[in-house]
file protein.pdb (PDB, C-alpha atoms, pLDDT in the B column)
ATOM      1  CA  MET B   1     -16.345 -22.911 -28.493  1.00 92.00           C
ATOM      2  CA  TYR B   2     -12.945 -22.923 -26.801  1.00 96.00           C
ATOM      3  CA  GLN B   3     -11.057 -19.911 -25.494  1.00 95.00           C
ATOM      4  CA  ALA B   4      -7.807 -19.169 -23.664  1.00 94.00           C
ATOM      5  CA  MET B   5      -7.728 -17.443 -20.280  1.00 94.00           C
ATOM      6  CA  ALA B   6      -5.545 -14.563 -19.095  1.00 93.00           C
ATOM      7  CA  TRP B   7      -5.525 -11.707 -16.614  1.00 93.00           C
ATOM      8  CA  ASN B   8      -6.825  -8.316 -17.775  1.00 93.00           C
ATOM      9  CA  TYR B   9      -3.887  -6.172 -16.663  1.00 91.00           C
ATOM     10  CA  GLU B  10      -5.250  -3.093 -18.423  1.00 91.00           C
ATOM     11  CA  GLU B  11      -8.377  -2.854 -16.254  1.00 94.00           C
ATOM     12  CA  TYR B  12      -7.091  -4.746 -13.203  1.00 94.00           C
ATOM     13  CA  PRO B  13      -3.418  -3.913 -12.701  1.00 93.00           C
ATOM     14  CA  GLY B  14      -1.552  -6.677 -10.915  1.00 91.00           C
ATOM     15  CA  ARG B  15       1.863  -8.112 -10.304  1.00 89.00           C
ATOM     16  CA  PHE B  16       3.758 -10.063 -12.912  1.00 86.00           C
ATOM     17  CA  LEU B  17       5.777 -13.199 -12.302  1.00 84.00           C
ATOM     18  CA  TYR B  18       9.522 -12.985 -12.767  1.00 77.00           C
ATOM     19  CA  GLY B  19      10.045 -16.664 -13.533  1.00 67.00           C
ATOM     20  CA  TRP B  20       7.960 -19.641 -14.583  1.00 63.00           C
ATOM     21  CA  PRO B  21       7.941 -23.087 -12.968  1.00 57.00           C
ATOM     22  CA  TRP B  22      10.080 -24.690 -15.675  1.00 58.00           C
ATOM     23  CA  GLU B  23      12.732 -21.999 -15.310  1.00 63.00           C
ATOM     24  CA  ILE B  24      12.937 -22.547 -11.568  1.00 62.00           C
ATOM     25  CA  CYS B  25      12.951 -26.344 -11.402  1.00 62.00           C
ATOM     26  CA  SER B  26      13.785 -27.307 -15.017  1.00 65.00           C
ATOM     27  CA  VAL B  27      10.413 -29.012 -15.503  1.00 69.00           C
ATOM     28  CA  ASN B  28       8.230 -28.047 -18.440  1.00 76.00           C
ATOM     29  CA  LEU B  29       4.526 -28.071 -17.576  1.00 81.00           C
ATOM     30  CA  GLU B  30       3.484 -27.763 -21.223  1.00 82.00           C
ATOM     31  CA  LYS B  31       4.189 -31.375 -22.219  1.00 85.00           C
ATOM     32  CA  GLY B  32       0.887 -32.750 -20.959  1.00 87.00           C
ATOM     33  CA  ILE B  33       2.488 -35.611 -19.023  1.00 86.00           C
ATOM     34  CA  ARG B  34       2.389 -36.488 -15.352  1.00 89.00           C
ATOM     35  CA  LEU B  35       5.558 -35.712 -13.447  1.00 86.00           C
ATOM     36  CA  LYS B  36       7.373 -38.014 -11.061  1.00 82.00           C
ATOM     37  CA  ASP B  37       7.270 -37.325  -7.343  1.00 75.00           C
ATOM     38  CA  GLY B  38      10.116 -35.043  -6.412  1.00 76.00           C
ATOM     39  CA  ASP B  39      10.440 -33.399  -9.854  1.00 77.00           C
ATOM     40  CA  ILE B  40       9.004 -30.141  -8.527  1.00 82.00           C
ATOM     41  CA  PRO B  41       9.971 -28.520  -5.224  1.00 85.00           C
ATOM     42  CA  ASN B  42       7.222 -28.385  -2.608  1.00 88.00           C
ATOM     43  CA  PRO B  43       6.332 -25.580  -2.435  1.00 90.00           C
ATOM     44  CA  LEU B  44       7.464 -24.101  -5.702  1.00 87.00           C
ATOM     45  CA  GLU B  45       8.788 -20.580  -5.070  1.00 86.00           C
ATOM     46  CA  ILE B  46       8.190 -18.058  -7.847  1.00 87.00           C
ATOM     47  CA  ILE B  47       9.401 -14.486  -7.719  1.00 86.00           C
ATOM     48  CA  THR B  48       7.085 -11.593  -8.546  1.00 86.00           C
ATOM     49  CA  ASN B  49       8.545  -8.564 -10.258  1.00 82.00           C
ATOM     50  CA  PRO B  50       8.942  -5.556  -7.979  1.00 79.00           C
ATOM     51  CA  ILE B  51       6.034  -3.178  -8.433  1.00 81.00           C
ATOM     52  CA  SER B  52       6.986  -0.321 -10.732  1.00 81.00           C
ATOM     53  CA  LYS B  53       5.225   3.030 -10.836  1.00 79.00           C
ATOM     54  CA  PHE B  54       6.456   3.324 -14.426  1.00 83.00           C
ATOM     55  CA  VAL B  55       4.564   0.277 -15.684  1.00 85.00           C
ATOM     56  CA  GLN B  56       0.909   1.225 -16.061  1.00 83.00           C
ATOM     57  CA  GLU B  57      -0.345  -2.374 -16.063  1.00 85.00           C
ATOM     58  CA  MET B  58       1.402  -3.314 -12.813  1.00 87.00           C
ATOM     59  CA  GLY B  59      -0.186  -2.882  -9.432  1.00 87.00           C
ATOM     60  CA  PRO B  60      -0.024  -4.457  -5.980  1.00 87.00           C
ATOM     61  CA  ALA B  61      -2.896  -6.904  -6.594  1.00 89.00           C
ATOM     62  CA  ILE B  62      -2.180 -10.589  -7.046  1.00 93.00           C
ATOM     63  CA  PRO B  63      -4.041 -11.918 -10.107  1.00 95.00           C
ATOM     64  CA  ASP B  64      -6.090 -15.121 -10.003  1.00 97.00           C
ATOM     65  CA  VAL B  65      -4.333 -16.380 -13.143  1.00 96.00           C
ATOM     66  CA  PHE B  66      -0.847 -15.767 -14.446  1.00 90.00           C
ATOM     67  CA  ASP B  67      -0.146 -16.143 -18.149  1.00 76.00           C
ATOM     68  CA  PRO B  68      -1.663 -19.177 -19.826  1.00 59.00           C
ATOM     69  CA  ASN B  69       1.806 -20.444 -20.719  1.00 61.00           C
ATOM     70  CA  GLY B  70       2.821 -20.651 -17.079  1.00 66.00           C
ATOM     71  CA  LEU B  71      -0.649 -21.324 -15.693  1.00 87.00           C
ATOM     72  CA  VAL B  72      -0.407 -20.389 -12.061  1.00 93.00           C
ATOM     73  CA  LEU B  73      -3.871 -20.152 -10.491  1.00 96.00           C
ATOM     74  CA  SER B  74      -5.138 -18.791  -7.198  1.00 97.00           C
ATOM     75  CA  ASP B  75      -6.548 -21.403  -4.861  1.00 98.00           C
ATOM     76  CA  ARG B  76     -10.067 -20.055  -5.381  1.00 98.00           C
ATOM     77  CA  LEU B  77      -9.825 -20.288  -9.183  1.00 98.00           C
ATOM     78  CA  TYR B  78      -8.218 -23.731  -9.022  1.00 98.00           C
ATOM     79  CA  ARG B  79     -11.037 -24.982  -6.746  1.00 98.00           C
ATOM     80  CA  THR B  80     -13.654 -23.425  -9.036  1.00 98.00           C
ATOM     81  CA  VAL B  81     -12.224 -25.286 -12.044  1.00 98.00           C
ATOM     82  CA  VAL B  82     -11.914 -28.621 -10.215  1.00 98.00           C
ATOM     83  CA  ASP B  83     -15.372 -28.322  -8.630  1.00 98.00           C
ATOM     84  CA  PHE B  84     -16.824 -27.868 -12.124  1.00 98.00           C
ATOM     85  CA  GLY B  85     -15.439 -31.260 -13.115  1.00 98.00           C
ATOM     86  CA  VAL B  86     -12.020 -30.654 -14.670  1.00 98.00           C
ATOM     87  CA  ASP B  87     -10.164 -33.819 -13.721  1.00 97.00           C
ATOM     88  CA  ASN B  88      -7.023 -33.780 -15.865  1.00 97.00           C
ATOM     89  CA  LEU B  89      -4.910 -31.471 -13.702  1.00 96.00           C
ATOM     90  CA  ASP B  90      -1.928 -31.979 -11.459  1.00 94.00           C
ATOM     91  CA  ALA B  91      -1.447 -29.040  -9.108  1.00 95.00           C
ATOM     92  CA  TYR B  92       1.708 -28.074  -7.242  1.00 92.00           C
ATOM     93  CA  PRO B  93       1.695 -25.600  -4.324  1.00 94.00           C
ATOM     94  CA  VAL B  94       3.240 -22.220  -5.101  1.00 93.00           C
ATOM     95  CA  VAL B  95       4.541 -19.457  -2.880  1.00 93.00           C
ATOM     96  CA  LEU B  96       4.883 -16.105  -4.623  1.00 92.00           C
ATOM     97  CA  HIS B  97       7.853 -14.174  -3.312  1.00 89.00           C
ATOM     98  CA  ASP B  98       8.453 -10.448  -3.712  1.00 85.00           C
ATOM     99  CA  GLU B  99      12.193  -9.889  -3.415  1.00 78.00           C
ATOM    100  CA  LYS B 100      11.810  -6.136  -2.987  1.00 81.00           C
ATOM    101  CA  THR B 101       9.303  -6.147  -0.127  1.00 85.00           C
ATOM    102  CA  THR B 102      10.086  -9.716   1.083  1.00 88.00           C
ATOM    103  CA  GLU B 103       6.330 -10.404   1.091  1.00 90.00           C
ATOM    104  CA  ARG B 104       5.304 -14.017   0.545  1.00 94.00           C
ATOM    105  CA  PHE B 105       1.924 -15.032  -0.832  1.00 95.00           C
ATOM    106  CA  THR B 106       0.556 -18.551  -0.411  1.00 97.00           C
ATOM    107  CA  GLY B 107      -2.601 -20.060  -1.852  1.00 97.00           C
ATOM    108  CA  PHE B 108      -1.461 -20.510  -5.459  1.00 96.00           C
ATOM    109  CA  TRP B 109      -0.989 -23.553  -7.659  1.00 95.00           C
ATOM    110  CA  ALA B 110       1.209 -24.315 -10.660  1.00 91.00           C
ATOM    111  CA  ILE B 111      -1.052 -26.297 -12.948  1.00 93.00           C
ATOM    112  CA  ASN B 112       0.009 -29.176 -15.166  1.00 93.00           C
ATOM    113  CA  VAL B 113      -2.777 -29.929 -17.666  1.00 95.00           C
ATOM    114  CA  ILE B 114      -2.474 -33.654 -18.353  1.00 96.00           C
ATOM    115  CA  GLY B 115      -2.977 -34.834 -21.924  1.00 92.00           C
ATOM    116  CA  LEU B 116      -2.669 -33.131 -25.265  1.00 95.00           C
ATOM    117  CA  ILE B 117      -5.432 -33.146 -27.880  1.00 96.00           C
ATOM    118  CA  ALA B 118      -4.890 -32.900 -31.645  1.00 95.00           C
ATOM    119  CA  ALA B 119      -7.802 -30.530 -32.233  1.00 96.00           C
ATOM    120  CA  ALA B 120      -6.440 -27.892 -34.619  1.00 94.00           C
ATOM    121  CA  ASP B 121      -8.320 -27.724 -37.913  1.00 95.00           C
ATOM    122  CA  LEU B 122      -5.262 -27.291 -40.114  1.00 91.00           C
ATOM    123  CA  GLU B 123      -7.301 -26.802 -43.289  1.00 92.00           C
ATOM    124  CA  LYS B 124      -9.212 -23.842 -41.841  1.00 94.00           C
ATOM    125  CA  SER B 125      -6.304 -22.461 -39.793  1.00 93.00           C
ATOM    126  CA  SER B 126      -3.517 -20.312 -41.132  1.00 91.00           C
ATOM    127  CA  ALA B 127      -0.232 -21.830 -40.020  1.00 86.00           C
ATOM    128  CA  ILE B 128       3.344 -22.650 -40.871  1.00 81.00           C
ATOM    129  CA  VAL B 129       3.908 -26.349 -40.289  1.00 80.00           C
ATOM    130  CA  GLN B 130       7.473 -27.571 -39.767  1.00 77.00           C
ATOM    131  CA  PRO B 131       8.813 -30.384 -41.970  1.00 77.00           C
ATOM    132  CA  GLY B 132       8.368 -32.955 -39.174  1.00 72.00           C
ATOM    133  CA  GLY B 133       4.595 -32.448 -39.132  1.00 73.00           C
ATOM    134  CA  PRO B 134       2.046 -30.439 -37.162  1.00 71.00           C
ATOM    135  CA  VAL B 135       3.074 -31.108 -33.563  1.00 71.00           C
ATOM    136  CA  ILE B 136       4.023 -28.946 -30.577  1.00 72.00           C
ATOM    137  CA  ASP B 137       5.449 -25.936 -32.414  1.00 77.00           C
ATOM    138  CA  VAL B 138       3.058 -25.043 -35.221  1.00 85.00           C
ATOM    139  CA  ALA B 139       3.286 -21.306 -35.881  1.00 85.00           C
ATOM    140  CA  PHE B 140      -0.348 -20.250 -36.203  1.00 89.00           C
ATOM    141  CA  ASP B 141      -1.347 -16.915 -37.667  1.00 90.00           C
ATOM    142  CA  ASN B 142      -4.966 -17.911 -37.118  1.00 91.00           C
ATOM    143  CA  LEU B 143      -6.062 -21.024 -35.243  1.00 93.00           C
ATOM    144  CA  VAL B 144      -9.380 -22.787 -35.741  1.00 95.00           C
ATOM    145  CA  ILE B 145     -10.144 -25.483 -33.171  1.00 96.00           C
ATOM    146  CA  ASP B 146     -12.154 -28.448 -34.442  1.00 97.00           C
ATOM    147  CA  GLU B 147     -14.657 -28.942 -31.641  1.00 96.00           C
ATOM    148  CA  ALA B 148     -15.456 -32.501 -32.742  1.00 97.00           C
ATOM    149  CA  LYS B 149     -11.787 -33.436 -32.256  1.00 97.00           C
ATOM    150  CA  ALA B 150     -11.744 -31.740 -28.842  1.00 97.00           C
ATOM    151  CA  ARG B 151     -14.506 -34.159 -27.797  1.00 96.00           C
ATOM    152  CA  GLY B 152     -15.997 -31.846 -25.185  1.00 96.00           C
ATOM    153  CA  ALA B 153     -12.815 -31.651 -23.096  1.00 98.00           C
ATOM    154  CA  LEU B 154     -13.226 -28.986 -20.438  1.00 98.00           C
ATOM    155  CA  MET B 155      -9.557 -27.915 -20.356  1.00 97.00           C
ATOM    156  CA  PHE B 156      -6.653 -29.001 -22.559  1.00 96.00           C
ATOM    157  CA  ARG B 157      -3.518 -28.107 -24.493  1.00 94.00           C
ATOM    158  CA  LEU B 158      -3.231 -28.680 -28.223  1.00 94.00           C
ATOM    159  CA  VAL B 159      -0.812 -31.245 -29.629  1.00 93.00           C
ATOM    160  CA  GLU B 160      -0.068 -28.797 -32.419  1.00 93.00           C
ATOM    161  CA  ASN B 161       0.885 -25.898 -30.131  1.00 90.00           C
ATOM    162  CA  THR B 162       1.184 -26.520 -26.389  1.00 89.00           C
ATOM    163  CA  GLY B 163       1.667 -22.882 -25.388  1.00 87.00           C
ATOM    164  CA  ASN B 164      -1.938 -22.119 -24.427  1.00 90.00           C
ATOM    165  CA  VAL B 165      -4.564 -23.863 -22.354  1.00 94.00           C
ATOM    166  CA  TRP B 166      -8.017 -24.019 -23.941  1.00 95.00           C
ATOM    167  CA  LEU B 167     -11.233 -23.930 -21.924  1.00 97.00           C
ATOM    168  CA  HIS B 168     -14.663 -25.154 -22.985  1.00 98.00           C
ATOM    169  CA  GLU B 169     -17.416 -22.535 -23.112  1.00 98.00           C
ATOM    170  CA  SER B 170     -19.302 -24.218 -20.248  1.00 98.00           C
ATOM    171  CA  LEU B 171     -16.253 -23.885 -17.978  1.00 98.00           C
ATOM    172  CA  ILE B 172     -15.819 -20.262 -19.064  1.00 98.00           C
ATOM    173  CA  ALA B 173     -19.444 -19.510 -18.160  1.00 98.00           C
ATOM    174  CA  HIS B 174     -18.926 -21.143 -14.748  1.00 98.00           C
ATOM    175  CA  ILE B 175     -15.780 -19.095 -14.063  1.00 98.00           C
ATOM    176  CA  LYS B 176     -17.568 -15.870 -15.048  1.00 98.00           C
ATOM    177  CA  LYS B 177     -20.563 -16.738 -12.865  1.00 98.00           C
ATOM    178  CA  SER B 178     -18.243 -17.487  -9.924  1.00 98.00           C
ATOM    179  CA  GLY B 179     -17.010 -13.892  -9.831  1.00 97.00           C
ATOM    180  CA  PHE B 180     -13.506 -13.417 -11.222  1.00 97.00           C
ATOM    181  CA  PRO B 181     -13.714  -9.901 -12.701  1.00 94.00           C
ATOM    182  CA  GLY B 182     -10.042  -9.662 -13.666  1.00 95.00           C
ATOM    183  CA  ILE B 183     -10.033 -12.722 -15.906  1.00 96.00           C
ATOM    184  CA  GLU B 184     -10.570 -12.321 -19.625  1.00 95.00           C
ATOM    185  CA  PHE B 185     -10.989 -14.918 -22.337  1.00 95.00           C
ATOM    186  CA  PHE B 186      -9.698 -14.960 -25.898  1.00 93.00           C
ATOM    187  CA  LYS B 187     -10.988 -16.762 -28.955  1.00 92.00           C
ATOM    188  CA  SER B 188      -8.412 -18.807 -30.821  1.00 89.00           C
ATOM    189  CA  SER B 189      -8.422 -16.209 -33.622  1.00 83.00           C
ATOM    190  CA  GLN B 190      -7.364 -13.561 -31.071  1.00 85.00           C
ATOM    191  CA  VAL B 191      -4.486 -15.531 -29.546  1.00 76.00           C
ATOM    192  CA  PHE B 192      -2.289 -16.052 -32.589  1.00 64.00           C
TER     193      PHE B 192
END

call {"tool": "encode", "arguments": {"input": "protein.pdb", "output": "structure tokens"}}
result
Amino acid sequence: MYQAMAWNYEEYPGRFLYGWPWEICSVNLEKGIRLKDGDIPNPLEIITNPISKFVQEMGPAIPDVFDPNGLVLSDRLYRTVVDFGVDNLDAYPVVLHDEKTTERFTGFWAINVIGLIAAADLEKSSAIVQPGGPVIDVAFDNLVIDEAKARGALMFRLVENTGNVWLHESLIAHIKKSGFPGIEFFKSSQVF
């Protein structure tokens, strides 16, 4: 079984990011391709939203994972994933910057998941497929991942919809066992 990963802001309030890597340096990390040296600033500076007492889900904590679309991981989570055997990642150093307090937080990585896998079971899924075919921008109401097509990949993006990163159940179990209480996982039927 494959699931997507996100931060549980309801139970573990944390900061949000103001911008994503592709907004800052005009590079999209959802394409699944390796980037050329120099395409991304080193380090990549990403702004966190100022903490607001009016937003219940926001707190001073820095999450271990920011939105699966942006995929910024803490160093500890990145090392946990790589140590488990995920080998299709390019990682770029990130400094989180709070404009309000001028605090800077190091020890984060923008993650580029290399390779896309055509693993959506379009017959079992509920989706609107564009005239050009089922690639990149399929609008799923309900996604079913064909595990045989995923071929046991530990972490990947779908060819049919690159917006989320999917993790194999063995990797999920390893992350849970490694002690990341703020991370939650979503089945494909819960994401779309």

call {"tool": "residues_around", "arguments": {"input": "protein.pdb", "residues": "Arg157 (chain B)", "least_positions_apart": "3", "cutoff": "8 Å", "atoms": "all atoms listed in the file", "output": "list in words"}}
result
Glu30, Gly32, Val113, Gly115, Leu116, Ile117, Asn161, Thr162, Gly163, Asn164, Val165 and Trp166 of chain B

call {"tool": "write_last_selection", "arguments": {"input": "protein.pdb", "atoms": "C-alpha atoms", "output": "PDB file, keeping the file's coordinate frame"}}
result
ATOM      1  CA  GLU B  30       3.484 -27.763 -21.223  1.00 82.00           C
ATOM      2  CA  GLY B  32       0.887 -32.750 -20.959  1.00 87.00           C
ATOM      3  CA  VAL B 113      -2.777 -29.929 -17.666  1.00 95.00           C
ATOM      4  CA  GLY B 115      -2.977 -34.834 -21.924  1.00 92.00           C
ATOM      5  CA  LEU B 116      -2.669 -33.131 -25.265  1.00 95.00           C
ATOM      6  CA  ILE B 117      -5.432 -33.146 -27.880  1.00 96.00           C
ATOM      7  CA  ASN B 161       0.885 -25.898 -30.131  1.00 90.00           C
ATOM      8  CA  THR B 162       1.184 -26.520 -26.389  1.00 89.00           C
ATOM      9  CA  GLY B 163       1.667 -22.882 -25.388  1.00 87.00           C
ATOM     10  CA  ASN B 164      -1.938 -22.119 -24.427  1.00 90.00           C
ATOM     11  CA  VAL B 165      -4.564 -23.863 -22.354  1.00 94.00           C
ATOM     12  CA  TRP B 166      -8.017 -24.019 -23.941  1.00 95.00           C
TER      13      TRP B 166
END

call {"tool": "residues_around", "arguments": {"input": "protein.pdb", "residues": "Gly132 (chain B)", "least_positions_apart": "5", "cutoff": "12 Å", "atoms": "all atoms listed in the file", "output": "ChimeraX atom specification"}}
result
/B:137-138,160

call {"tool": "atom_distance", "arguments": {"input": "protein.pdb", "atom1": "CA of Met155 (chain B)", "atom2": "CA of Asp141 (chain B)"}}
result
22.1 Å

call {"tool": "resolve_selection", "arguments": {"input": "protein.pdb", "expression": "the PyMOL selection byres ((chain B and resi 42) around 12)", "output": "PDB file with C-alpha atoms, in the coordinates of the input"}}
result
ATOM      1  CA  PRO B  21       7.941 -23.087 -12.968  1.00 57.00           C
ATOM      2  CA  CYS B  25      12.951 -26.344 -11.402  1.00 62.00           C
ATOM      3  CA  ASP B  37       7.270 -37.325  -7.343  1.00 75.00           C
ATOM      4  CA  GLY B  38      10.116 -35.043  -6.412  1.00 76.00           C
ATOM      5  CA  ASP B  39      10.440 -33.399  -9.854  1.00 77.00           C
ATOM      6  CA  ILE B  40       9.004 -30.141  -8.527  1.00 82.00           C
ATOM      7  CA  PRO B  41       9.971 -28.520  -5.224  1.00 85.00           C
ATOM      8  CA  PRO B  43       6.332 -25.580  -2.435  1.00 90.00           C
ATOM      9  CA  LEU B  44       7.464 -24.101  -5.702  1.00 87.00           C
ATOM     10  CA  GLU B  45       8.788 -20.580  -5.070  1.00 86.00           C
ATOM     11  CA  ILE B  46       8.190 -18.058  -7.847  1.00 87.00           C
ATOM     12  CA  ALA B  91      -1.447 -29.040  -9.108  1.00 95.00           C
ATOM     13  CA  TYR B  92       1.708 -28.074  -7.242  1.00 92.00           C
ATOM     14  CA  PRO B  93       1.695 -25.600  -4.324  1.00 94.00           C
ATOM     15  CA  VAL B  94       3.240 -22.220  -5.101  1.00 93.00           C
ATOM     16  CA  VAL B  95       4.541 -19.457  -2.880  1.00 93.00           C
ATOM     17  CA  TRP B 109      -0.989 -23.553  -7.659  1.00 95.00           C
ATOM     18  CA  ALA B 110       1.209 -24.315 -10.660  1.00 91.00           C
TER      19      ALA B 110
END

call {"tool": "axis_aligned_box", "arguments": {"input": "protein.pdb", "around": "region 79-88 of chain B", "padding_each_side": "3 Å", "output": "JSON"}}
result
{"center_x": -11.9, "center_y": -28.6, "center_z": -11.3, "size_x": 15.8, "size_y": 16.4, "size_z": 15.1}

call {"tool": "closest_residue", "arguments": {"input": "protein.pdb", "among": "B:Phe140, B:Ala120, B:Asp98, B:Leu77", "to": "Lys176 (chain B)", "atoms": "all atoms listed in the file"}}
result
B:Leu77
